[in-house]
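Asker: File coords08.cif below, mmCIF, C-alpha atoms and all ligand atoms:
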```cif
data_data
loop_
_atom_site.label_atom_id
_atom_site.label_comp_id
_atom_site.auth_asym_id
_atom_site.auth_seq_id
_atom_site.Cartn_x
_atom_site.Cartn_y
_atom_site.Cartn_z
CA MET A 1 3.90 142.61 75.91
CA SER A 2 4.93 143.61 79.40
CA ARG A 3 3.91 140.17 80.54
CA LEU A 4 6.26 138.65 78.01
CA LEU A 5 9.08 140.96 79.19
CA ASN A 6 8.48 139.95 82.83
CA VAL A 7 8.58 136.25 81.90
CA ALA A 8 11.79 136.71 79.91
CA LEU A 9 13.39 138.67 82.76
CA SER A 10 12.38 135.97 85.25
CA ILE A 11 13.87 133.25 83.05
CA PHE A 12 17.11 135.27 82.70
CA LEU A 13 17.41 135.82 86.45
CA ALA A 14 16.68 132.15 87.15
CA VAL A 15 19.40 131.02 84.74
CA VAL A 16 21.90 133.47 86.24
CA GLY A 17 20.95 132.29 89.76
CA ILE A 18 21.37 128.65 88.83
CA LEU A 19 24.74 129.37 87.27
CA MET A 20 25.93 131.31 90.33
CA LEU A 21 24.70 128.76 92.87
CA GLY A 22 26.12 125.84 90.87
CA LEU A 23 29.64 127.23 90.66
CA PRO A 24 31.93 125.82 93.32
CA PRO A 25 33.69 128.49 95.34
CA SER A 26 37.37 128.95 94.48
CA PRO A 27 39.88 127.48 96.92
CA ALA A 28 41.28 130.92 97.58
CA ARG A 29 37.87 132.20 98.40
CA ALA A 30 37.22 129.28 100.75
CA GLU A 31 40.52 130.05 102.48
CA CYS A 32 39.55 133.62 102.93
CA ASN A 33 36.06 132.77 104.10
CA ARG A 34 37.08 130.37 106.80
CA GLN A 35 37.12 131.33 110.46
CA CYS A 36 40.50 132.79 111.30
CA GLN A 37 42.49 131.15 114.07
CA PRO A 38 43.44 133.02 117.25
CA GLY A 39 46.38 135.24 116.50
CA GLN A 40 45.50 135.60 112.78
CA ALA A 41 44.28 138.80 111.07
CA ARG A 42 42.46 139.43 107.80
CA ASP A 43 44.05 141.22 104.89
CA VAL A 44 42.32 143.62 102.53
CA ASN A 45 40.83 140.66 100.65
CA GLY A 46 39.41 139.21 103.84
CA CYS A 47 41.92 136.34 103.93
CA CYS A 48 43.46 134.99 107.14
CA VAL A 49 47.09 135.93 107.50
CA GLY A 50 49.71 135.34 110.15
CA ARG A 51 50.77 132.32 112.27
CA PRO A 52 48.02 131.07 114.61
CA THR A 53 48.77 131.33 118.29
CA PRO A 54 48.97 127.79 119.79
CA PRO A 55 46.61 127.11 122.65
CA PRO A 56 48.23 127.14 126.08
CA ASP A 57 47.91 123.38 126.44
CA ALA A 58 49.30 122.52 123.03
CA PRO A 59 52.06 119.92 123.25
CA VAL A 60 55.43 121.49 122.86
CA ALA A 61 58.10 119.44 121.13
CA PRO A 62 61.05 118.90 123.52
CA PRO A 63 64.23 120.63 122.44
CA LYS A 64 66.72 118.34 120.82
CA PRO A 65 69.45 117.37 123.30
CA ARG A 66 72.70 119.04 122.52
CA PRO A 67 75.56 116.64 122.11
CA LYS A 68 77.76 116.60 125.18
CA PRO A 69 81.14 118.09 124.47
CA LYS A 70 83.93 115.58 124.86
CA PRO A 71 86.13 116.40 127.85
CA ALA A 72 89.38 117.77 126.64
CA ASN A 73 92.38 115.60 127.28
CA ALA A 74 90.42 113.20 129.51
CA THR A 75 92.93 110.50 128.69
CA PRO A 76 96.13 112.08 127.48
CA ALA A 77 98.04 110.04 125.02
CA GLN A 78 100.81 108.06 126.58
CA PRO A 79 104.20 107.58 125.03
CA ALA A 80 104.20 104.66 122.65
CA THR A 81 105.10 101.30 124.09
CA VAL A 82 106.53 98.25 122.39
CA THR A 83 106.27 94.78 123.79
CA ARG A 84 109.47 92.85 123.33
CA VAL A 85 109.30 89.11 122.88
CA ASP A 86 112.97 88.47 123.59
CA GLY A 87 112.85 88.08 127.33
CA GLY A 88 116.32 86.72 128.04
CA PRO A 89 116.96 83.64 130.18
CA ALA A 90 113.85 84.25 132.29
CA SER A 91 111.58 84.89 129.25
CA ILE A 92 110.50 88.18 130.74
CA ASN A 93 107.80 90.01 128.79
CA TRP A 94 109.35 93.46 128.62
CA VAL A 95 107.36 96.63 127.93
CA SER A 96 109.39 99.46 126.48
CA ILE A 97 108.51 102.88 127.87
CA ALA A 98 109.62 105.92 125.88
CA ARG A 99 111.51 108.84 127.37
CA GLY A 100 109.03 111.09 129.10
CA THR A 101 108.26 113.56 131.85
CA PHE A 102 105.66 112.96 134.53
CA THR A 103 104.56 114.42 137.85
CA MET A 104 106.07 112.33 140.64
CA GLY A 105 104.73 112.31 144.17
CA SER A 106 101.40 113.41 145.57
CA SER A 107 100.23 116.51 147.38
CA GLU A 108 97.42 114.50 149.01
CA GLY A 109 99.67 111.72 150.26
CA GLU A 110 102.10 111.08 153.09
CA ASP A 111 104.85 113.52 153.91
CA ASP A 112 107.47 111.45 152.10
CA GLU A 113 105.44 111.70 148.87
CA LYS A 114 105.83 115.48 148.79
CA PRO A 115 106.46 117.75 147.06
CA THR A 116 105.12 116.88 143.65
CA ARG A 117 107.57 117.71 140.89
CA ALA A 118 108.27 117.04 137.22
CA VAL A 119 110.69 114.17 136.67
CA THR A 120 112.15 113.19 133.31
CA LEU A 121 113.20 109.63 132.56
CA ASP A 122 115.12 108.20 129.65
CA ARG A 123 113.71 105.25 127.77
CA PHE A 124 113.62 102.10 129.83
CA ALA A 125 111.72 98.79 129.95
CA MET A 126 109.68 97.19 132.70
CA ALA A 127 108.61 93.60 133.08
CA ARG A 128 104.92 93.34 132.29
CA THR A 129 104.40 91.17 135.37
CA GLU A 130 105.87 90.54 138.77
CA THR A 131 108.63 87.92 138.71
CA THR A 132 106.98 84.51 138.86
CA VAL A 133 107.98 81.37 140.72
CA ALA A 134 108.74 79.66 137.39
CA GLN A 135 111.07 82.49 136.33
CA TYR A 136 112.86 82.56 139.66
CA GLU A 137 113.24 78.78 139.61
CA ARG A 138 115.18 78.99 136.34
CA CYS A 139 117.65 81.31 138.04
CA VAL A 140 118.00 78.90 140.95
CA GLN A 141 118.55 76.01 138.55
CA ALA A 142 121.15 78.08 136.70
CA GLY A 143 123.01 78.56 139.97
CA ALA A 144 122.66 82.34 139.89
CA CYS A 145 119.98 82.65 142.58
CA GLN A 146 119.36 81.21 146.00
CA PRO A 147 115.92 79.83 146.84
CA PRO A 148 113.79 82.42 148.64
CA ASP A 149 114.42 82.85 152.34
CA GLU A 150 112.20 81.50 155.06
CA CYS A 151 109.14 83.70 155.24
CA LYS A 152 109.41 86.01 158.24
CA TRP A 153 105.73 86.73 157.75
CA GLY A 154 103.02 84.52 156.27
CA PRO A 155 104.78 81.20 155.62
CA GLU A 156 101.44 79.67 154.67
CA PHE A 157 101.37 82.06 151.70
CA ARG A 158 104.84 81.15 150.43
CA THR A 159 104.72 80.48 146.70
CA TYR A 160 108.16 79.04 145.84
CA GLY A 161 108.21 75.25 145.86
CA GLN A 162 104.45 75.02 146.26
CA SER A 163 102.35 73.03 143.86
CA GLY A 164 100.16 75.07 141.52
CA ARG A 165 102.04 78.32 142.17
CA ALA A 166 104.37 78.44 139.13
CA ASN A 167 102.61 81.49 137.69
CA HIS A 168 102.23 83.28 141.02
CA PRO A 169 104.68 86.00 142.04
CA VAL A 170 107.71 84.70 143.88
CA ASN A 171 107.65 86.04 147.43
CA CYS A 172 109.64 85.90 150.66
CA VAL A 173 112.61 87.28 148.75
CA SER A 174 115.09 89.81 150.11
CA TRP A 175 116.14 92.94 148.29
CA PHE A 176 119.49 91.24 147.56
CA GLN A 177 117.85 88.17 146.06
CA SER A 178 115.65 90.39 143.92
CA ARG A 179 118.66 92.37 142.71
CA ASP A 180 120.56 89.18 141.86
CA PHE A 181 117.68 87.72 139.88
CA CYS A 182 117.26 90.86 137.77
CA ALA A 183 120.97 90.97 137.00
CA TRP A 184 120.87 87.33 135.83
CA ALA A 185 117.72 88.07 133.76
CA GLY A 186 119.47 90.87 131.86
CA GLY A 187 118.13 93.80 133.82
CA ARG A 188 118.10 95.46 137.23
CA LEU A 189 115.61 96.58 139.82
CA PRO A 190 113.65 99.68 138.74
CA THR A 191 114.28 102.99 140.39
CA GLU A 192 111.42 104.44 142.38
CA ALA A 193 110.86 107.04 139.68
CA GLU A 194 110.72 104.40 136.95
CA TRP A 195 108.31 102.33 138.99
CA GLU A 196 105.97 105.26 139.67
CA TYR A 197 106.04 106.43 136.05
CA ALA A 198 105.28 102.90 134.84
CA ALA A 199 102.39 102.68 137.31
CA ARG A 200 100.60 105.97 136.57
CA GLY A 201 101.82 107.42 133.27
CA THR A 202 101.63 111.13 132.57
CA ASP A 203 98.09 112.14 133.58
CA GLY A 204 98.62 112.24 137.33
CA ARG A 205 96.19 109.41 138.09
CA ARG A 206 96.07 108.06 141.63
CA PHE A 207 95.94 104.35 140.78
CA PRO A 208 97.27 102.39 137.81
CA TRP A 209 93.75 102.04 136.39
CA GLY A 210 92.50 105.58 137.11
CA ASN A 211 91.38 107.73 140.02
CA GLN A 212 88.62 105.68 141.63
CA GLY A 213 89.51 103.35 144.48
CA PRO A 214 88.91 99.62 144.09
CA ASP A 215 85.98 99.81 146.52
CA SER A 216 84.07 102.00 144.04
CA ASP A 217 84.91 100.01 140.90
CA PRO A 218 82.57 97.15 139.96
CA ARG A 219 85.44 95.23 138.33
CA PRO A 220 88.22 93.61 140.34
CA VAL A 221 91.30 95.66 139.56
CA GLY A 222 93.86 93.89 141.71
CA ASN A 223 94.53 91.48 144.54
CA PHE A 224 94.06 93.21 147.91
CA SER A 225 92.79 92.27 151.35
CA ASP A 226 89.18 91.46 150.63
CA ALA A 227 86.21 89.25 151.42
CA SER A 228 88.12 86.19 150.15
CA ALA A 229 90.93 86.95 152.60
CA LYS A 230 88.43 87.45 155.40
CA ALA A 231 87.05 83.97 154.75
CA VAL A 232 90.50 82.50 155.48
CA LYS A 233 91.73 85.05 158.02
CA PRO A 234 88.67 86.32 159.91
CA ASP A 235 90.73 88.78 161.95
CA TRP A 236 92.20 90.52 158.91
CA PRO A 237 91.08 94.07 158.13
CA VAL A 238 89.80 94.20 154.58
CA ILE A 239 88.63 96.69 151.96
CA GLY A 240 84.89 96.73 152.58
CA GLY A 241 82.70 95.62 149.72
CA TYR A 242 85.60 94.32 147.66
CA ASP A 243 86.28 90.73 146.61
CA ASP A 244 88.96 89.80 144.06
CA GLY A 245 88.62 86.08 144.68
CA TYR A 246 92.06 85.46 146.23
CA ALA A 247 93.00 85.16 149.88
CA GLY A 248 96.74 84.91 149.16
CA THR A 249 98.68 85.62 145.99
CA ALA A 250 97.01 85.43 142.58
CA PRO A 251 98.52 84.32 139.26
CA VAL A 252 100.24 87.34 137.71
CA GLY A 253 98.10 89.26 135.24
CA SER A 254 94.78 88.11 136.68
CA PHE A 255 93.26 91.62 136.64
CA PRO A 256 93.38 93.20 133.16
CA ALA A 257 90.97 95.95 134.29
CA GLY A 258 93.66 97.18 136.68
CA ARG A 259 96.50 97.53 134.19
CA SER A 260 98.60 100.68 134.17
CA PRO A 261 98.57 103.13 131.22
CA PHE A 262 101.51 101.18 129.80
CA GLY A 263 99.71 97.85 130.07
CA LEU A 264 101.60 96.58 133.10
CA ASP A 265 99.87 94.07 135.37
CA ASP A 266 99.54 94.14 139.15
CA MET A 267 101.19 97.53 139.68
CA ALA A 268 98.80 97.69 142.63
CA GLY A 269 98.25 94.60 144.75
CA ASN A 270 99.31 90.95 144.72
CA VAL A 271 102.80 91.54 146.25
CA TRP A 272 104.68 94.69 147.19
CA GLU A 273 107.62 95.21 144.84
CA TRP A 274 111.20 96.03 145.79
CA VAL A 275 112.78 98.95 143.94
CA SER A 276 116.42 99.94 143.94
CA ASP A 277 116.27 103.16 146.02
CA TRP A 278 117.08 103.69 149.66
CA HIS A 279 114.21 105.38 151.44
CA ALA A 280 114.56 109.10 152.25
CA ASN A 281 112.68 112.31 151.62
CA TYR A 282 112.85 113.25 147.96
CA ASP A 283 115.71 115.36 146.66
CA ILE A 284 113.71 117.93 144.71
CA SER A 285 116.77 118.95 142.73
CA ALA A 286 116.98 115.47 141.21
CA THR A 287 114.63 115.86 138.25
CA SER A 288 116.36 113.71 135.63
CA ASN A 289 116.62 109.93 136.10
CA PRO A 290 116.70 110.16 139.92
CA SER A 291 118.01 107.07 141.68
CA GLY A 292 117.65 108.04 145.34
CA PRO A 293 120.24 108.60 148.04
CA TYR A 294 123.58 106.81 148.06
CA SER A 295 123.01 105.16 151.41
CA GLY A 296 120.31 104.43 153.95
CA SER A 297 118.79 101.84 156.23
CA PHE A 298 115.62 100.82 154.40
CA ARG A 299 114.93 99.96 150.80
CA VAL A 300 111.70 101.13 149.22
CA PHE A 301 108.96 98.83 148.04
CA ARG A 302 105.85 99.87 146.15
CA GLY A 303 102.35 98.97 145.09
CA GLY A 304 100.54 97.22 147.93
CA SER A 305 99.74 93.54 148.22
CA PHE A 306 97.14 90.91 149.00
CA ILE A 307 97.22 91.99 152.65
CA SER A 308 96.65 95.70 151.90
CA ASP A 309 93.40 96.91 153.38
CA ASP A 310 94.08 100.67 153.14
CA VAL A 311 93.17 102.08 149.74
CA ARG A 312 95.62 104.95 150.26
CA SER A 313 98.51 102.49 150.22
CA LEU A 314 97.49 101.30 146.75
CA ARG A 315 98.11 104.71 145.18
CA ALA A 316 100.93 104.84 142.66
CA ALA A 317 102.73 107.55 144.66
CA PHE A 318 102.64 105.68 147.99
CA ARG A 319 106.01 104.61 149.42
CA TYR A 320 106.79 101.84 151.86
CA SER A 321 110.18 100.56 152.97
CA GLY A 322 111.90 97.90 155.02
CA GLU A 323 115.21 96.30 155.85
CA PRO A 324 116.72 94.91 152.66
CA SER A 325 117.08 91.50 154.29
CA GLY A 326 113.42 91.39 155.16
CA ALA A 327 111.42 88.63 153.52
CA GLY A 328 107.67 88.35 153.85
CA ALA A 329 104.97 86.64 151.83
CA PHE A 330 103.63 90.07 150.90
CA LEU A 331 106.90 91.08 149.21
CA GLY A 332 108.19 90.32 145.71
CA PHE A 333 109.57 92.34 142.78
CA ARG A 334 109.72 92.90 139.05
CA CYS A 335 112.71 93.87 136.91
CA ALA A 336 113.55 96.83 134.69
CA ARG A 337 116.30 97.43 132.20
CA SER A 338 117.84 100.44 130.54
CA ALA A 339 117.72 101.53 126.90
CA PRO A 340 115.93 98.46 125.52
CA CA A 401 92.62 89.27 147.70
#
```
Give the structure from the file, written as structure tokens.
Ligand SMILES: [Ca+2]

Answerer:
Amino acid sequence: MSRLLNVALSIFLAVVGILMLGLPPSPARAECNRQCQPGQARDVNGCCVGRPTPPPDAPVAPPKPRPKPKPANATPAQPATVTRVDGGPASINWVSIARGTFTMGSSEGEDDEKPTRAVTLDRFAMARTETTVAQYERCVQAGACQPPDECKWGPEFRTYGQSGRANHPVNCVSWFQSRDFCAWAGGRLPTEAEWEYAARGTDGRRFPWGNQGPDSDPRPVGNFSDASAKAVKPDWPVIGGYDDGYAGTAPVGSFPAGRSPFGLDDMAGNVWEWVSDWHANYDISATSNPSGPYSGSFRVFRGGSFISDDVRSLRAAFRYSGEPSGAGAFLGFRCARSAP
């Protein structure tokens, strides 16, 4: 009997053992039975809890770059401009410049550029380009202008009457000839303040295209004394490392990268430009439409030319002047007009 009981008990235990060994462990149990990772602890059920500590040499995901904040007012909006198609007898491409206030002069410049001050100008228009040979020739043919004078400097660079120069700036003109042309064309010479405003806009930039000099800009921004000039005139001082491709004058509008905030061409380089003012130190009380002193000996011209080798003289605030009868190949003009 006891033998039978022992056999039955053995069979029962064997069946229970088979059943227990054959059952797959539950996933939860497997999770709890695994070896915990460094930094993990076991809970009351023996399960691993907590975030494992990464090994010291674990790759760390680089932080996402934060978007760079946009500089505030990097390029202040300029007053709206309107290009007028009706250019009068000379077919001048006028650019209308809205009434505005800008900082005239420069604290870093020559003594006659100081002090800087706010100047307000009424609406006016400026020619998009320097006056060309073709435009000036129409005035001569109309009997309202005299052909440009003999060049007192640089006769080999004279443009009037030269083949292939119709779209170059007219040069070797006196201040009087420039004034007469603009009157015939329906305008006048710009004041110094109008010229400077048209060249630099309202953000105080140094040059028409920005603040970097042409020697640090990979694009040609104007026609200055450069490697091309050196090839023709080996003794000329030049702007080192700069080559605009022209030894003398260039066709107007050849350097779109150098346009002023109002879209005007060649406000630095090509030819200096007569303005209407006599030269004198600034009258700081004249803050609204200043037009300069009533009399003087020298008329102002602005903007540098193809013989300019000093980057400082290409700044929009820089002033130069000469006898109004003076006529050199480096000197031309553009016209303005009031209330377009
Ligand atoms: Ca040049």

Asker: Taking only C-alpha atoms and all ligand atoms and a cut-off of 12 Å, can you tell me which residues surround ligand CA 401 (chain A), written as a compact mmCIF listing (two decimals) with C-alpha atoms, keeping the file's coordinate frame?

Answerer:
```txt
# COMPACT_ATOMS: atom_id res chain seq x y z
CA PRO A 214 88.91 99.62 144.09
CA PRO A 220 88.22 93.61 140.34
CA VAL A 221 91.30 95.66 139.56
CA GLY A 222 93.86 93.89 141.71
CA ASN A 223 94.53 91.48 144.54
CA PHE A 224 94.06 93.21 147.91
CA SER A 225 92.79 92.27 151.35
CA ASP A 226 89.18 91.46 150.63
CA ALA A 227 86.21 89.25 151.42
CA SER A 228 88.12 86.19 150.15
CA ALA A 229 90.93 86.95 152.60
CA LYS A 230 88.43 87.45 155.40
CA ALA A 231 87.05 83.97 154.75
CA VAL A 232 90.50 82.50 155.48
CA LYS A 233 91.73 85.05 158.02
CA TRP A 236 92.20 90.52 158.91
CA PRO A 237 91.08 94.07 158.13
CA VAL A 238 89.80 94.20 154.58
CA ILE A 239 88.63 96.69 151.96
CA GLY A 240 84.89 96.73 152.58
CA GLY A 241 82.70 95.62 149.72
CA TYR A 242 85.60 94.32 147.66
CA ASP A 243 86.28 90.73 146.61
CA ASP A 244 88.96 89.80 144.06
CA GLY A 245 88.62 86.08 144.68
CA TYR A 246 92.06 85.46 146.23
CA ALA A 247 93.00 85.16 149.88
CA GLY A 248 96.74 84.91 149.16
CA THR A 249 98.68 85.62 145.99
CA ALA A 250 97.01 85.43 142.58
CA PRO A 251 98.52 84.32 139.26
CA SER A 254 94.78 88.11 136.68
CA PHE A 255 93.26 91.62 136.64
CA ALA A 268 98.80 97.69 142.63
CA GLY A 269 98.25 94.60 144.75
CA ASN A 270 99.31 90.95 144.72
CA VAL A 271 102.80 91.54 146.25
CA GLY A 304 100.54 97.22 147.93
CA SER A 305 99.74 93.54 148.22
CA PHE A 306 97.14 90.91 149.00
CA ILE A 307 97.22 91.99 152.65
CA SER A 308 96.65 95.70 151.90
CA ASP A 309 93.40 96.91 153.38
CA PHE A 330 103.63 90.07 150.90
```

Asker: Could you tell me which of A:Thr131, A:Gln177, A:Asn289, A:Ser260 comes closest to Arg334 in chain A if we count all atoms listed in the file?

Answerer: A:Thr131

Asker: What's the separation between CA of Pro293 in chain A and CA of Ser276 in chain A, in Å to one decimal place?

Answerer: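 Between CA of Pro293 in chain A and CA of Ser276 in chain A the gap is 10.3 Å.
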
Asker: Go through A:Gly201, A:Pro261, A:Gly87, A:Gly292 and flag the residue nearest His279 in chain A, using only C-alpha atoms for the distances.

Answerer: A:Gly292

Asker: Could you check the closest approach to Ala336 in chain A for each of A:Pro115, A:Gly88, A:Gly322, A:Gly186 and tell me which residue wins, using all atoms listed in the file?

Answerer: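 When distances to Ala336 in chain A are compared using all atoms listed in the file, the smallest one comes from A:Gly186.
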
Asker: Can you pull out the residues contacting Asp277 in chain A? Cut-off 6 Å, using all atoms listed in the file, and skip same-chain residues under 3 positions away; I want them as a ChimeraX atom specification.

Answerer: /A:191,292,299-300
